Amino acid sequence: MRRVVIATGNPGKLREMLAILGGHGLEPVAQSAFGIEPPVEDGDSFVANALIKARHAAARAGLPAIADDSGLEVDALDGRPGVYSARYAGPEADNESNNDKLLAELAGVPAARRGARYRCAMVFVQGAGDEAPIVAEAAWEGRIGFERRGAGGFGYDPLFVVAGGDITAGEMPEAEKNRVSHRGQALAELAEKMKAAGW
Ligand code: ITT
């Protein structure tokens, strides 16, 4: 099995990525196992930020790396918070303050105008200098609810009502979220592309 660093400092993402990658014949290792701190993410797109994280971890661990950059786009907010989703409520933001701010910004917005989607860019680099990274992107459609529901997932999941039904991502069993989510779809596609490239 080939070792690959998972370049995230977000424990919710890490848990999902390890579960999704199980059975793909790789040996995923969290960047924290190498003492790697997250880099500054100053890219202007999900792919750019994912590449910054993957190259940073690959350079420090001396191993190939996979990174995820993701976020929530809300139609009524013209696509915000987007690439700024992790720090939406400010530099000290956490899941609770981000969700509070989202509910406050959408106060008075009716259900029909609360459309949103998660986006994920997943990248693989063989090393920090890899000039032909493998990239996969996916989206997961939904809408923003009026109150938090469910204790599963992380981040905005208690407010993200999945399209086609009335349950939030926080109410979904983890295995189901991983099968249908932006991250699940992007990582499955990345793994397919990696396999085709001999990984
Ligand atoms: P790393 O950069 O270390 O991977 P991060 O949390 O800073 O961790 P991002 O910069 O990609 O990661 O920010 C993504 C944010 O988008 C994340 O912190 C959540 O607020 C939100 N997000 C992304 N995917 C999500 C999901 O599946 N469920 C809930 N919130 C999600």
# chains A, B, ... in the order shown; residues from 1 in each chain; ligands from 1
call {"tool": "residues_near_ligand", "arguments": {"ligand": "ligand 1", "cutoff": "6 Å", "atoms": "only C-alpha atoms and all ligand atoms", "output": "list in words"}}
result
Thr8, Gly9, Asn10, Pro38, Asp68, Asp69, Ser70, Gly71, Leu72, Ser85, Ala86, Phe154, Gly155, Tyr156 and Asp157 of chain A
call {"tool": "write_last_selection", "arguments": {"atoms": "C-alpha atoms", "output": "short mmCIF file (atom, residue, chain, number, x, y, z; two decimals), in the first residue's frame"}}
result
data_model
loop_
_atom_site.label_atom_id
_atom_site.label_comp_id
_atom_site.auth_asym_id
_atom_site.auth_seq_id
_atom_site.Cartn_x
_atom_site.Cartn_y
_atom_site.Cartn_z
CA THR A 8 -6.28 18.87 6.10
CA GLY A 9 -6.41 20.26 9.60
CA ASN A 10 -10.20 19.88 9.79
CA PRO A 38 -2.05 24.19 7.80
CA ASP A 68 -9.70 19.16 -0.20
CA ASP A 69 -10.84 22.74 -0.46
CA SER A 70 -14.54 23.22 -0.06
CA GLY A 71 -17.22 25.66 0.92
CA LEU A 72 -20.83 26.70 0.87
CA SER A 85 -16.61 29.45 4.42
CA ALA A 86 -14.24 28.37 7.21
CA PHE A 154 -19.63 19.15 10.78
CA GLY A 155 -19.60 22.79 9.71
CA TYR A 156 -22.85 23.98 8.12
CA ASP A 157 -24.40 20.48 7.98
#
call {"tool": "residues_around", "arguments": {"residues": "Val109 in chain A", "least_positions_apart": "6", "cutoff": "10 Å", "atoms": "only C-alpha atoms", "output": "PyMOL selection string"}}
result
chain A and resi 76+103+144+146
call {"tool": "write_last_selection", "arguments": {"atoms": "N, CA and C atoms", "output": "PDB file, in the first residue's frame"}}
result
ATOM      1  N   ALA A  76     -28.779  33.539  -2.136  1.00  0.00           N
ATOM      2  CA  ALA A  76     -29.255  34.844  -1.654  1.00  0.00           C
ATOM      3  C   ALA A  76     -28.104  35.740  -1.191  1.00  0.00           C
ATOM      4  N   LEU A 103     -27.620  32.203   9.656  1.00  0.00           N
ATOM      5  CA  LEU A 103     -29.038  32.394   9.977  1.00  0.00           C
ATOM      6  C   LEU A 103     -29.374  33.883  10.066  1.00  0.00           C
ATOM      7  N   ILE A 144     -30.752  26.368   2.631  1.00  0.00           N
ATOM      8  CA  ILE A 144     -30.430  26.661   4.031  1.00  0.00           C
ATOM      9  C   ILE A 144     -31.710  26.668   4.853  1.00  0.00           C
ATOM     10  N   PHE A 146     -34.122  26.892   8.466  1.00  0.00           N
ATOM     11  CA  PHE A 146     -34.424  28.002   9.377  1.00  0.00           C
ATOM     12  C   PHE A 146     -33.906  27.739  10.789  1.00  0.00           C
TER      13      PHE A 146
END
call {"tool": "select_by_dssp", "arguments": {"residues": "range 50-102 of chain A", "states": "strand (DSSP E)", "output": "MDAnalysis selection string"}}
result
chainID A and resid 65:74
call {"tool": "write_last_selection", "arguments": {"atoms": "N, CA and C atoms", "output": "PDB file, in the first residue's frame"}}
result
ATOM      1  N   ALA A  65       0.373  13.711  -1.777  1.00  0.00           N
ATOM      2  CA  ALA A  65      -0.650  14.264  -0.879  1.00  0.00           C
ATOM      3  C   ALA A  65      -1.966  14.481  -1.603  1.00  0.00           C
ATOM      4  N   ILE A  66      -3.047  14.347  -0.828  1.00  0.00           N
ATOM      5  CA  ILE A  66      -4.399  14.674  -1.289  1.00  0.00           C
ATOM      6  C   ILE A  66      -4.920  15.805  -0.408  1.00  0.00           C
ATOM      7  N   ALA A  67      -5.511  16.839  -1.035  1.00  0.00           N
ATOM      8  CA  ALA A  67      -6.125  17.926  -0.261  1.00  0.00           C
ATOM      9  C   ALA A  67      -7.509  18.237  -0.803  1.00  0.00           C
ATOM     10  N   ASP A  68      -8.321  18.758   0.106  1.00  0.00           N
ATOM     11  CA  ASP A  68      -9.702  19.162  -0.200  1.00  0.00           C
ATOM     12  C   ASP A  68      -9.816  20.647   0.092  1.00  0.00           C
ATOM     13  N   ASP A  69     -10.382  21.402  -0.812  1.00  0.00           N
ATOM     14  CA  ASP A  69     -10.840  22.742  -0.461  1.00  0.00           C
ATOM     15  C   ASP A  69     -12.313  22.803  -0.818  1.00  0.00           C
ATOM     16  N   SER A  70     -13.100  23.289   0.112  1.00  0.00           N
ATOM     17  CA  SER A  70     -14.543  23.215  -0.065  1.00  0.00           C
ATOM     18  C   SER A  70     -15.213  24.414   0.575  1.00  0.00           C
ATOM     19  N   GLY A  71     -16.498  24.542   0.328  1.00  0.00           N
ATOM     20  CA  GLY A  71     -17.224  25.657   0.923  1.00  0.00           C
ATOM     21  C   GLY A  71     -18.668  25.649   0.496  1.00  0.00           C
ATOM     22  N   LEU A  72     -19.383  26.600   1.068  1.00  0.00           N
ATOM     23  CA  LEU A  72     -20.826  26.701   0.866  1.00  0.00           C
ATOM     24  C   LEU A  72     -21.114  27.962   0.056  1.00  0.00           C
ATOM     25  N   GLU A  73     -21.875  27.809  -1.034  1.00  0.00           N
ATOM     26  CA  GLU A  73     -22.316  28.954  -1.837  1.00  0.00           C
ATOM     27  C   GLU A  73     -23.808  29.149  -1.620  1.00  0.00           C
ATOM     28  N   VAL A  74     -24.188  30.345  -1.175  1.00  0.00           N
ATOM     29  CA  VAL A  74     -25.595  30.624  -0.893  1.00  0.00           C
ATOM     30  C   VAL A  74     -26.110  31.622  -1.931  1.00  0.00           C
TER      31      VAL A  74
END
call {"tool": "closest_residue", "arguments": {"among": "A:Tyr84, A:Val123, A:Leu106, A:Ala175", "to": "Glu147 in chain A", "atoms": "only C-alpha atoms"}}
result
A:Leu106
call {"tool": "closest_atom_pairs", "arguments": {"of": "range 70-179 of chain A", "to": "range 51-63 of chain A", "cutoff": "8 Å", "atoms": "only C-alpha atoms", "output": "CSV"}}
result
residue,atom,partner,partner_atom,distance
A:Val123,CA,A:Leu51,CA,6.5
A:Phe124,CA,A:Ala54,CA,7.0
A:Val125,CA,A:Ala54,CA,6.5
A:Gln126,CA,A:Leu63,CA,7.1
A:Gly127,CA,A:Ala58,CA,5.3
A:Ala128,CA,A:Arg55,CA,4.2
A:Gly129,CA,A:Arg55,CA,7.3
call {"tool": "closest_residue", "arguments": {"among": "A:Ile36, A:Cys120, A:Val135, A:Ala191", "to": "Val83 in chain A", "atoms": "only C-alpha atoms"}}
result
A:Cys120
call {"tool": "select_by_dssp", "arguments": {"residues": "range 91-121 of chain A", "states": "helix (DSSP H, G or I)", "output": "list of chain:residue names"}}
result
A:Asn95, A:Glu96, A:Ser97, A:Asn98, A:Asn99, A:Asp100, A:Lys101, A:Leu102, A:Leu103, A:Ala104, A:Glu105, A:Ala111, A:Ala112, A:Arg113
call {"tool": "residues_around", "arguments": {"residues": "Ile20 in chain A", "least_positions_apart": "3", "cutoff": "12 Å", "atoms": "only C-alpha atoms", "output": "compact mmCIF listing (two decimals) with N, CA and C atoms, in the first residue's frame"}}
result
# COMPACT_ATOMS: atom_id res chain seq x y z
N LYS A 13 -13.54 16.82 8.07
CA LYS A 13 -13.10 16.43 6.72
C LYS A 13 -12.24 15.17 6.76
N LEU A 14 -11.30 15.15 7.72
CA LEU A 14 -10.37 14.03 7.79
C LEU A 14 -11.12 12.73 7.99
N ARG A 15 -12.08 12.74 8.91
CA ARG A 15 -12.86 11.52 9.17
C ARG A 15 -13.56 11.05 7.90
N GLU A 16 -14.18 12.00 7.18
CA GLU A 16 -14.88 11.63 5.96
C GLU A 16 -13.91 11.13 4.89
N MET A 17 -12.78 11.81 4.74
CA MET A 17 -11.83 11.41 3.69
C MET A 17 -11.26 10.02 3.96
N GLY A 23 -10.51 1.10 1.19
CA GLY A 23 -10.78 0.19 0.08
C GLY A 23 -10.21 0.63 -1.24
N HIS A 24 -9.52 1.76 -1.27
CA HIS A 24 -8.92 2.20 -2.53
C HIS A 24 -7.45 1.78 -2.66
N GLY A 25 -6.95 0.97 -1.69
CA GLY A 25 -5.61 0.43 -1.82
C GLY A 25 -4.51 1.42 -1.50
N LEU A 26 -4.87 2.54 -0.86
CA LEU A 26 -3.86 3.51 -0.43
C LEU A 26 -3.75 3.45 1.09
N PRO A 28 -3.70 6.10 3.70
CA PRO A 28 -3.79 7.53 4.00
C PRO A 28 -3.25 7.84 5.40
N GLU A 174 -23.52 8.97 8.40
CA GLU A 174 -22.26 9.38 7.78
C GLU A 174 -21.98 8.66 6.46
N ALA A 175 -22.29 7.35 6.43
CA ALA A 175 -22.00 6.59 5.20
C ALA A 175 -22.81 7.14 4.03
N GLU A 176 -24.03 7.59 4.30
CA GLU A 176 -24.85 8.13 3.20
C GLU A 176 -24.33 9.50 2.77
N LYS A 177 -23.98 10.35 3.75
CA LYS A 177 -23.39 11.63 3.37
C LYS A 177 -22.16 11.40 2.49
N ASN A 178 -21.31 10.45 2.88
CA ASN A 178 -20.08 10.22 2.13
C ASN A 178 -20.34 9.69 0.72
N ARG A 179 -21.48 9.06 0.53
CA ARG A 179 -21.81 8.52 -0.80
C ARG A 179 -22.30 9.63 -1.73
N VAL A 180 -23.02 10.60 -1.20
CA VAL A 180 -23.68 11.58 -2.08
C VAL A 180 -23.11 13.00 -2.00
N SER A 181 -22.28 13.29 -1.01
CA SER A 181 -21.85 14.67 -0.78
C SER A 181 -20.87 15.16 -1.85
N HIS A 182 -20.65 16.47 -1.86
CA HIS A 182 -19.63 17.09 -2.69
C HIS A 182 -18.27 16.42 -2.48
N ARG A 183 -17.95 16.16 -1.21
CA ARG A 183 -16.64 15.53 -0.91
C ARG A 183 -16.62 14.08 -1.36
N GLY A 184 -17.70 13.36 -1.10
CA GLY A 184 -17.76 11.96 -1.51
C GLY A 184 -17.62 11.80 -3.01
N GLN A 185 -18.36 12.66 -3.75
CA GLN A 185 -18.32 12.58 -5.22
C GLN A 185 -16.94 12.97 -5.76
N ALA A 186 -16.38 14.06 -5.22
CA ALA A 186 -15.08 14.53 -5.73
C ALA A 186 -13.98 13.52 -5.42
N LEU A 187 -14.02 12.94 -4.22
CA LEU A 187 -12.95 12.01 -3.85
C LEU A 187 -13.08 10.69 -4.60
N ALA A 188 -14.31 10.26 -4.87
CA ALA A 188 -14.49 9.04 -5.66
C ALA A 188 -13.95 9.26 -7.07
N GLU A 189 -14.24 10.44 -7.64
CA GLU A 189 -13.73 10.74 -8.99
C GLU A 189 -12.20 10.86 -8.98
N LEU A 190 -11.66 11.49 -7.94
CA LEU A 190 -10.20 11.61 -7.85
C LEU A 190 -9.56 10.22 -7.79
N ALA A 191 -10.14 9.34 -6.96
CA ALA A 191 -9.58 7.99 -6.81
C ALA A 191 -9.62 7.24 -8.13
call {"tool": "residues_around", "arguments": {"residues": "range 167-171 of chain A", "least_positions_apart": "5", "cutoff": "7 Å", "atoms": "only C-alpha atoms", "output": "list in words"}}
result
Arg149, Gly150, Ala151, Gly152, Gly153, Asp157, Pro158, Leu159, Phe160, Val161, Val162 and Lys177 of chain A
call {"tool": "closest_residue", "arguments": {"among": "A:Gly142, A:Pro91, A:Pro11, A:Gly164", "to": "Ala116 in chain A", "atoms": "only C-alpha atoms"}}
result
A:Gly142
call {"tool": "closest_residue", "arguments": {"among": "A:Asp100, A:Ala138, A:Arg143, A:Ala89", "to": "Asp75 in chain A", "atoms": "only C-alpha atoms"}}
result
A:Arg143
call {"tool": "atom_distance", "arguments": {"atom1": "CA of Arg87 in chain A", "atom2": "CA of Leu102 in chain A"}}
result
11.9 Å
call {"tool": "decode", "arguments": {"residues": "range 5-25 of chain A", "atoms": "N, CA and C atoms", "output": "PDB file, in the first residue's frame"}}
result
ATOM      1  N   VAL A   5      -0.331  11.481   2.124  1.00  0.00           N
ATOM      2  CA  VAL A   5      -0.700  12.391   3.209  1.00  0.00           C
ATOM      3  C   VAL A   5      -2.054  13.009   2.920  1.00  0.00           C
ATOM      4  N   ILE A   6      -2.902  13.057   3.927  1.00  0.00           N
ATOM      5  CA  ILE A   6      -4.192  13.746   3.807  1.00  0.00           C
ATOM      6  C   ILE A   6      -3.993  15.142   4.395  1.00  0.00           C
ATOM      7  N   ALA A   7      -4.005  16.128   3.484  1.00  0.00           N
ATOM      8  CA  ALA A   7      -3.575  17.484   3.839  1.00  0.00           C
ATOM      9  C   ALA A   7      -4.742  18.336   4.319  1.00  0.00           C
ATOM     10  N   THR A   8      -5.242  18.011   5.506  1.00  0.00           N
ATOM     11  CA  THR A   8      -6.278  18.865   6.101  1.00  0.00           C
ATOM     12  C   THR A   8      -6.048  18.957   7.596  1.00  0.00           C
ATOM     13  N   GLY A   9      -6.446  20.093   8.159  1.00  0.00           N
ATOM     14  CA  GLY A   9      -6.414  20.255   9.602  1.00  0.00           C
ATOM     15  C   GLY A   9      -7.811  20.207  10.188  1.00  0.00           C
ATOM     16  N   ASN A  10      -8.796  19.906   9.352  1.00  0.00           N
ATOM     17  CA  ASN A  10     -10.199  19.881   9.792  1.00  0.00           C
ATOM     18  C   ASN A  10     -10.581  18.431  10.139  1.00  0.00           C
ATOM     19  N   PRO A  11     -10.858  18.147  11.418  1.00  0.00           N
ATOM     20  CA  PRO A  11     -11.127  16.762  11.823  1.00  0.00           C
ATOM     21  C   PRO A  11     -12.364  16.155  11.169  1.00  0.00           C
ATOM     22  N   GLY A  12     -13.383  16.987  10.874  1.00  0.00           N
ATOM     23  CA  GLY A  12     -14.579  16.463  10.209  1.00  0.00           C
ATOM     24  C   GLY A  12     -14.265  15.988   8.805  1.00  0.00           C
ATOM     25  N   LYS A  13     -13.537  16.824   8.068  1.00  0.00           N
ATOM     26  CA  LYS A  13     -13.103  16.426   6.724  1.00  0.00           C
ATOM     27  C   LYS A  13     -12.237  15.174   6.765  1.00  0.00           C
ATOM     28  N   LEU A  14     -11.298  15.154   7.721  1.00  0.00           N
ATOM     29  CA  LEU A  14     -10.366  14.035   7.791  1.00  0.00           C
ATOM     30  C   LEU A  14     -11.120  12.729   7.987  1.00  0.00           C
ATOM     31  N   ARG A  15     -12.079  12.736   8.906  1.00  0.00           N
ATOM     32  CA  ARG A  15     -12.864  11.524   9.171  1.00  0.00           C
ATOM     33  C   ARG A  15     -13.558  11.051   7.901  1.00  0.00           C
ATOM     34  N   GLU A  16     -14.180  12.001   7.181  1.00  0.00           N
ATOM     35  CA  GLU A  16     -14.881  11.626   5.956  1.00  0.00           C
ATOM     36  C   GLU A  16     -13.908  11.132   4.892  1.00  0.00           C
ATOM     37  N   MET A  17     -12.782  11.814   4.738  1.00  0.00           N
ATOM     38  CA  MET A  17     -11.833  11.412   3.688  1.00  0.00           C
ATOM     39  C   MET A  17     -11.258  10.022   3.957  1.00  0.00           C
ATOM     40  N   LEU A  18     -10.957   9.727   5.231  1.00  0.00           N
ATOM     41  CA  LEU A  18     -10.421   8.398   5.558  1.00  0.00           C
ATOM     42  C   LEU A  18     -11.471   7.331   5.266  1.00  0.00           C
ATOM     43  N   ALA A  19     -12.742   7.615   5.582  1.00  0.00           N
ATOM     44  CA  ALA A  19     -13.805   6.633   5.332  1.00  0.00           C
ATOM     45  C   ALA A  19     -13.990   6.411   3.832  1.00  0.00           C
ATOM     46  N   ILE A  20     -13.993   7.503   3.062  1.00  0.00           N
ATOM     47  CA  ILE A  20     -14.245   7.393   1.620  1.00  0.00           C
ATOM     48  C   ILE A  20     -13.080   6.667   0.929  1.00  0.00           C
ATOM     49  N   LEU A  21     -11.858   6.906   1.434  1.00  0.00           N
ATOM     50  CA  LEU A  21     -10.687   6.310   0.775  1.00  0.00           C
ATOM     51  C   LEU A  21     -10.480   4.846   1.141  1.00  0.00           C
ATOM     52  N   GLY A  22     -11.177   4.384   2.202  1.00  0.00           N
ATOM     53  CA  GLY A  22     -11.020   2.989   2.607  1.00  0.00           C
ATOM     54  C   GLY A  22     -11.347   2.079   1.432  1.00  0.00           C
ATOM     55  N   GLY A  23     -10.512   1.100   1.186  1.00  0.00           N
ATOM     56  CA  GLY A  23     -10.780   0.186   0.078  1.00  0.00           C
ATOM     57  C   GLY A  23     -10.207   0.632  -1.243  1.00  0.00           C
ATOM     58  N   HIS A  24      -9.521   1.756  -1.271  1.00  0.00           N
ATOM     59  CA  HIS A  24      -8.916   2.201  -2.532  1.00  0.00           C
ATOM     60  C   HIS A  24      -7.450   1.781  -2.656  1.00  0.00           C
ATOM     61  N   GLY A  25      -6.953   0.970  -1.689  1.00  0.00           N
ATOM     62  CA  GLY A  25      -5.608   0.434  -1.821  1.00  0.00           C
ATOM     63  C   GLY A  25      -4.506   1.423  -1.497  1.00  0.00           C
TER      64      GLY A  25
END
